[in-house]
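Student: Supplied structure: my_file-v3.cif, mmCIF, C-alpha atoms.
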```
data_final
#
loop_
_atom_site.group_PDB
_atom_site.id
_atom_site.type_symbol
_atom_site.label_atom_id
_atom_site.label_comp_id
_atom_site.auth_asym_id
_atom_site.auth_seq_id
_atom_site.Cartn_x
_atom_site.Cartn_y
_atom_site.Cartn_z
ATOM 1 C CA MET A 119 -77.008 58.046 -210.263
ATOM 2 C CA TYR A 120 -73.481 59.444 -210.048
ATOM 3 C CA ARG A 121 -70.935 57.439 -208.032
ATOM 4 C CA SER A 122 -67.699 59.042 -207.030
ATOM 5 C CA PRO A 123 -64.724 56.689 -207.496
ATOM 6 C CA VAL A 124 -63.067 58.212 -204.423
ATOM 7 C CA LEU A 125 -66.160 57.658 -202.308
ATOM 8 C CA ALA A 126 -66.510 54.086 -203.601
ATOM 9 C CA ARG A 127 -62.871 53.365 -202.759
ATOM 10 C CA ARG A 128 -63.263 54.813 -199.240
ATOM 11 C CA LEU A 129 -66.435 52.817 -198.685
ATOM 12 C CA GLY A 130 -64.661 49.662 -199.844
ATOM 13 C CA LEU A 131 -61.776 50.280 -197.443
ATOM 14 C CA LEU A 132 -64.194 50.983 -194.599
ATOM 15 C CA LEU A 133 -66.182 47.804 -195.244
ATOM 16 C CA GLY A 134 -63.000 45.751 -195.572
ATOM 17 C CA THR A 135 -61.686 47.088 -192.266
ATOM 18 C CA ALA A 136 -65.034 46.363 -190.592
ATOM 19 C CA ALA A 137 -65.019 42.789 -191.894
ATOM 20 C CA VAL A 138 -61.513 42.161 -190.563
ATOM 21 C CA THR A 139 -62.441 43.695 -187.209
ATOM 22 C CA LEU A 140 -65.612 41.627 -186.930
ATOM 23 C CA SER A 141 -63.881 38.395 -187.895
ATOM 24 C CA ALA A 142 -61.246 39.021 -185.229
ATOM 25 C CA GLY A 143 -63.993 39.409 -182.643
ATOM 26 C CA CYS A 144 -65.683 36.210 -183.807
ATOM 27 C CA GLY A 145 -62.828 33.995 -182.780
ATOM 28 C CA ALA A 146 -61.528 33.591 -186.325
ATOM 29 C CA THR A 147 -58.167 34.932 -185.214
ATOM 30 C CA ASP A 148 -55.894 32.859 -183.033
ATOM 31 C CA ALA A 149 -55.237 35.174 -180.070
ATOM 32 C CA ILE A 150 -52.188 33.221 -179.039
ATOM 33 C CA ALA A 151 -50.653 33.319 -182.522
ATOM 34 C CA LEU A 152 -51.085 37.119 -182.574
ATOM 35 C CA MET A 153 -48.504 37.587 -179.841
ATOM 36 C CA ASN A 154 -45.507 39.429 -181.328
ATOM 37 C CA ASP A 155 -42.909 38.501 -178.744
ATOM 38 C CA PRO A 156 -44.583 36.230 -176.182
ATOM 39 C CA GLN A 157 -43.079 35.976 -172.741
ATOM 40 C CA PRO A 158 -42.322 32.393 -171.706
ATOM 41 C CA ALA A 159 -44.612 30.829 -169.153
ATOM 42 C CA PRO A 160 -43.325 30.726 -165.569
ATOM 43 C CA ALA A 161 -41.991 27.410 -164.324
ATOM 44 C CA ALA A 162 -44.034 27.269 -161.118
ATOM 45 C CA SER A 163 -47.660 26.306 -160.641
ATOM 46 C CA THR A 164 -49.914 28.525 -158.543
ATOM 47 C CA ARG A 165 -52.989 27.910 -156.415
ATOM 48 C CA ALA A 166 -56.127 29.943 -157.072
ATOM 49 C CA THR A 167 -59.875 29.967 -156.545
ATOM 50 C CA VAL A 168 -62.147 30.136 -159.573
ATOM 51 C CA ARG A 169 -64.368 33.180 -159.029
ATOM 52 C CA TRP A 170 -66.493 32.856 -162.153
ATOM 53 C CA VAL A 171 -66.689 31.244 -165.564
ATOM 54 C CA ILE A 172 -66.660 33.389 -168.693
ATOM 55 C CA ASP A 173 -67.179 30.543 -171.179
ATOM 56 C CA GLY A 174 -66.198 26.919 -171.749
ATOM 57 C CA ASN A 175 -62.458 27.647 -171.814
ATOM 58 C CA THR A 176 -61.981 30.925 -169.919
ATOM 59 C CA VAL A 177 -62.326 31.590 -166.193
ATOM 60 C CA VAL A 178 -61.522 34.355 -163.729
ATOM 61 C CA VAL A 179 -59.476 33.278 -160.724
ATOM 62 C CA ALA A 180 -58.441 34.927 -157.481
ATOM 63 C CA THR A 181 -54.791 34.290 -156.680
ATOM 64 C CA SER A 182 -53.024 34.536 -153.324
ATOM 65 C CA ASP A 183 -51.892 38.084 -154.149
ATOM 66 C CA GLY A 184 -55.557 39.135 -154.106
ATOM 67 C CA VAL A 185 -55.725 39.945 -157.808
ATOM 68 C CA ASP A 186 -58.386 38.594 -160.157
ATOM 69 C CA ARG A 187 -56.884 37.181 -163.348
ATOM 70 C CA LYS A 188 -58.449 35.865 -166.545
ATOM 71 C CA VAL A 189 -57.181 32.417 -167.460
ATOM 72 C CA ARG A 190 -57.483 30.861 -170.919
ATOM 73 C CA ILE A 191 -57.440 27.119 -170.312
ATOM 74 C CA LEU A 192 -54.749 25.451 -172.403
ATOM 75 C CA GLY A 193 -55.217 22.679 -174.926
ATOM 76 C CA ILE A 194 -58.925 23.086 -175.681
ATOM 77 C CA ARG A 195 -61.330 25.272 -177.607
ATOM 78 C CA ALA A 196 -64.950 25.367 -176.502
ATOM 79 C CA PRO A 197 -67.741 26.782 -178.676
ATOM 80 C CA LEU A 198 -68.167 30.554 -178.426
ATOM 81 C CA LEU A 199 -71.064 32.065 -176.497
ATOM 82 C CA GLY A 200 -73.212 34.583 -178.350
ATOM 83 C CA GLN A 201 -72.535 38.296 -178.356
ATOM 84 C CA SER A 202 -74.426 41.254 -179.758
ATOM 85 C CA HIS A 203 -72.968 40.752 -183.248
ATOM 86 C CA ARG A 204 -73.142 36.948 -183.488
ATOM 87 C CA PRO A 205 -75.189 34.039 -182.151
ATOM 88 C CA ALA A 206 -73.773 31.369 -179.864
ATOM 89 C CA GLN A 207 -72.097 28.421 -181.526
ATOM 90 C CA CYS A 208 -73.695 25.007 -181.140
ATOM 91 C CA GLY A 209 -73.017 23.627 -177.673
ATOM 92 C CA ALA A 210 -71.668 26.892 -176.195
ATOM 93 C CA PRO A 211 -74.190 27.216 -173.341
ATOM 94 C CA GLU A 212 -73.719 23.551 -172.424
ATOM 95 C CA ALA A 213 -69.919 23.900 -172.449
ATOM 96 C CA ALA A 214 -70.106 26.974 -170.224
ATOM 97 C CA ARG A 215 -72.443 25.172 -167.782
ATOM 98 C CA PHE A 216 -70.087 22.173 -167.699
ATOM 99 C CA THR A 217 -67.173 24.461 -166.862
ATOM 100 C CA GLU A 218 -69.298 26.196 -164.219
ATOM 101 C CA ARG A 219 -70.220 22.854 -162.593
ATOM 102 C CA LEU A 220 -66.634 21.629 -162.409
ATOM 103 C CA LEU A 221 -64.745 24.828 -161.636
ATOM 104 C CA SER A 222 -66.890 27.566 -160.123
ATOM 105 C CA ARG A 223 -65.739 28.475 -156.579
ATOM 106 C CA GLN A 224 -63.222 25.598 -156.589
ATOM 107 C CA ARG A 225 -59.619 25.744 -155.413
ATOM 108 C CA VAL A 226 -57.473 24.756 -158.377
ATOM 109 C CA THR A 227 -53.857 24.620 -159.427
ATOM 110 C CA LEU A 228 -52.866 26.705 -162.445
ATOM 111 C CA VAL A 229 -50.118 24.930 -164.360
ATOM 112 C CA PRO A 230 -48.086 26.680 -167.061
ATOM 113 C CA ASP A 231 -46.854 24.928 -170.187
ATOM 114 C CA PRO A 232 -43.177 25.697 -170.891
ATOM 115 C CA GLY A 233 -43.830 25.389 -174.637
ATOM 116 C CA GLN A 234 -46.484 28.118 -174.596
ATOM 117 C CA ALA A 235 -46.518 31.846 -173.953
ATOM 118 C CA ASP A 236 -47.429 33.216 -170.521
ATOM 119 C CA GLN A 237 -50.359 35.241 -171.909
ATOM 120 C CA ASP A 238 -52.383 35.499 -175.087
ATOM 121 C CA PHE A 239 -53.167 38.584 -177.176
ATOM 122 C CA TYR A 240 -56.030 39.462 -174.798
ATOM 123 C CA HIS A 241 -53.724 39.323 -171.739
ATOM 124 C CA ARG A 242 -55.296 36.139 -170.384
ATOM 125 C CA GLN A 243 -52.897 33.816 -168.593
ATOM 126 C CA LEU A 244 -52.456 30.545 -170.476
ATOM 127 C CA ARG A 245 -52.675 27.674 -168.000
ATOM 128 C CA TYR A 246 -53.859 24.133 -167.484
ATOM 129 C CA VAL A 247 -56.376 23.980 -164.654
ATOM 130 C CA ARG A 248 -55.967 21.030 -162.291
ATOM 131 C CA LEU A 249 -58.699 20.079 -159.870
ATOM 132 C CA ASP A 250 -57.870 19.157 -156.268
ATOM 133 C CA ASP A 251 -58.362 15.470 -157.088
ATOM 134 C CA GLY A 252 -55.590 15.747 -159.718
ATOM 135 C CA ARG A 253 -57.791 15.707 -162.826
ATOM 136 C CA ASP A 254 -56.889 18.059 -165.656
ATOM 137 C CA PHE A 255 -59.874 20.184 -166.695
ATOM 138 C CA SER A 256 -58.840 20.189 -170.380
ATOM 139 C CA VAL A 257 -58.945 16.386 -170.487
ATOM 140 C CA GLU A 258 -62.263 16.242 -168.601
ATOM 141 C CA SER A 259 -63.871 18.825 -170.890
ATOM 142 C CA ALA A 260 -62.707 16.957 -174.008
ATOM 143 C CA ARG A 261 -63.878 13.630 -172.508
ATOM 144 C CA ALA A 262 -67.351 15.083 -171.870
ATOM 145 C CA GLY A 263 -67.432 16.406 -175.431
ATOM 146 C CA MET A 264 -67.659 20.013 -174.242
ATOM 147 C CA SER A 265 -64.543 21.152 -176.088
ATOM 148 C CA ARG A 266 -62.116 20.035 -178.749
ATOM 149 C CA GLY A 267 -58.364 19.766 -178.615
ATOM 150 C CA TYR A 268 -56.636 22.898 -179.844
ATOM 151 C CA VAL A 269 -53.106 23.668 -181.001
ATOM 152 C CA TYR A 270 -52.036 27.260 -180.317
ATOM 153 C CA GLY A 271 -50.065 29.047 -182.990
ATOM 154 C CA GLY A 272 -48.752 25.787 -184.431
ATOM 155 C CA ARG A 273 -47.168 24.785 -181.099
ATOM 156 C CA PRO A 274 -48.900 21.750 -179.555
ATOM 157 C CA VAL A 275 -49.399 21.760 -175.795
ATOM 158 C CA LEU A 276 -47.637 19.157 -173.652
ATOM 159 C CA GLU A 277 -50.985 17.580 -172.742
ATOM 160 C CA GLU A 278 -52.014 17.146 -176.395
ATOM 161 C CA ALA A 279 -52.030 13.307 -176.311
ATOM 162 C CA PRO A 280 -54.373 12.827 -173.296
ATOM 163 C CA ILE A 281 -56.668 15.583 -174.584
ATOM 164 C CA ALA A 282 -56.807 13.950 -178.036
ATOM 165 C CA ALA A 283 -57.534 10.534 -176.499
ATOM 166 C CA ALA A 284 -60.356 12.004 -174.391
ATOM 167 C CA GLN A 285 -61.771 13.782 -177.447
ATOM 168 C CA GLN A 286 -61.706 10.545 -179.453
ATOM 169 C CA GLU A 287 -63.587 8.778 -176.636
ATOM 170 C CA ALA A 288 -66.257 11.518 -176.671
ATOM 171 C CA ARG A 289 -66.540 11.366 -180.456
ATOM 172 C CA ILE A 290 -66.987 7.573 -180.474
ATOM 173 C CA LYS A 291 -69.640 7.761 -177.733
ATOM 174 C CA HIS A 292 -71.351 10.824 -179.268
ATOM 175 C CA ARG A 293 -70.979 12.842 -176.081
ATOM 176 C CA GLY A 294 -71.575 16.572 -175.874
ATOM 177 C CA LEU A 295 -70.749 18.436 -179.077
ATOM 178 C CA TRP A 296 -70.274 15.159 -180.917
ATOM 179 C CA GLY A 297 -73.912 14.238 -180.268
ATOM 180 C CA MET A 298 -75.633 17.612 -180.452
ATOM 181 C CA CYS A 299 -73.638 19.420 -183.137
ATOM 182 C CA ALA A 300 -72.602 16.699 -185.553
#
```
Would you mind writing the structure in this file as structure tokens?

Tutor:
Amino acid sequence: MYRSPVLARRLGLLLGTAAVTLSAGCGATDAIALMNDPQPAPAASTRATVRWVIDGNTVVVATSDGVDRKVRILGIRAPLLGQSHRPAQCGAPEAARFTERLLSRQRVTLVPDPGQADQDFYHRQLRYVRLDDGRDFSVESARAGMSRGYVYGGRPVLEEAPIAAAQQEARIKHRGLWGMCA
């Protein structure tokens, strides 16, 4: 069977491009680190209502200006839900349900982190989500074992210490991911 070197090279380039594209869609790429020139986060917190939960660390909120915005919750990384090209990671449905129970249809305060960008590569706002009782969702999710602490683009979030302490507590007590995915 004759193989054209030009065709083989083109096929190799095509497959390489597809692999890079697929790995980017699988969460292998840090969306925050991909920002070329990130805008600084605003100084002020804003009130919003969580309209729906996308996954364990992303929600859609309605702000006072009447616009729905996607928010990537700072300081944590929850397992990825499945998509057509990949299965769900261990614990992803449970993490999404946890987020749904705590945040869905709740009034929350979105708090920026001055050390982080305003948005990630996917144009999601990067914010901490504070519940009306003052609890930080990132800490509560890590404490329940539904997410792990996460450093964005090599720049730790301000709330890194309480998130790490909550994660350690979950790990010791085998909660959530630490019990089902270990």

Student: Expanded to explicit residues, what is the PyMOL selection byres ((chain A and resi 211) around 10) for this file, as a list in words?

Tutor: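 When the PyMOL selection byres ((chain A and resi 211) around 10) is applied to the shown file, the picked residues are Asp173, Gly174, Ala196, Pro197, Leu198, Leu199, Gly200, Ala206, Gln207, Cys208, Gly209, Ala210, Glu212, Ala213, Ala214, Arg215, Phe216, Thr217 and Met264 of chain A.
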
Student: Would you save the residues from that selection as a PDB file, keeping the file's coordinate frame, using C-alpha atoms?

Tutor:
```pdb
ATOM      1  CA  ASP A 173     -67.179  30.543-171.179  1.00  0.00           C
ATOM      2  CA  GLY A 174     -66.198  26.919-171.749  1.00  0.00           C
ATOM      3  CA  ALA A 196     -64.950  25.367-176.502  1.00  0.00           C
ATOM      4  CA  PRO A 197     -67.741  26.782-178.676  1.00  0.00           C
ATOM      5  CA  LEU A 198     -68.167  30.554-178.426  1.00  0.00           C
ATOM      6  CA  LEU A 199     -71.064  32.065-176.497  1.00  0.00           C
ATOM      7  CA  GLY A 200     -73.212  34.583-178.350  1.00  0.00           C
ATOM      8  CA  ALA A 206     -73.773  31.369-179.864  1.00  0.00           C
ATOM      9  CA  GLN A 207     -72.097  28.421-181.526  1.00  0.00           C
ATOM     10  CA  CYS A 208     -73.695  25.007-181.140  1.00  0.00           C
ATOM     11  CA  GLY A 209     -73.017  23.627-177.673  1.00  0.00           C
ATOM     12  CA  ALA A 210     -71.668  26.892-176.195  1.00  0.00           C
ATOM     13  CA  GLU A 212     -73.719  23.551-172.424  1.00  0.00           C
ATOM     14  CA  ALA A 213     -69.919  23.900-172.449  1.00  0.00           C
ATOM     15  CA  ALA A 214     -70.106  26.974-170.224  1.00  0.00           C
ATOM     16  CA  ARG A 215     -72.443  25.172-167.782  1.00  0.00           C
ATOM     17  CA  PHE A 216     -70.087  22.173-167.699  1.00  0.00           C
ATOM     18  CA  THR A 217     -67.173  24.461-166.862  1.00  0.00           C
ATOM     19  CA  MET A 264     -67.659  20.013-174.242  1.00  0.00           C
TER      20      MET A 264
END
```

Student: Can you list, as number ranges by chain, the residues that the PyMOL selection byres ((chain A and resi 184) around 12) selects here?

Tutor: A: 165-167, 169, 179-183, 185-187

Student: Tell me, in Å to one decimal, how far CA of Arg190 (chain A) is from CA of Val177 (chain A).

Tutor: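 Those two atoms sit 6.8 Å apart.
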
Student: To one decimal place in Å, what is the distance between CA of Arg223 (chain A) and CA of Tyr246 (chain A)?

Tutor: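 Distance reported for this atom pair: 16.7 Å.
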
Student: By how many Å are CA of Arg225 (chain A) and CA of Gln201 (chain A) apart?

Tutor: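 Between these atoms lies a distance of 29.2 Å.
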
Student: Counting all atoms listed in the file, which residue out of A:Ser265, A:Gln237, A:Thr164, A:Gln224 sits closest to Asp251 (chain A)?

Tutor: A:Gln224

Student: Check the smallest atom-to-atom distance from each of A:Val275, A:Leu221, A:Val257, A:Val269 to Glu287 (chain A) using all atoms listed in the file, then report the winner.

Tutor: A:Val257
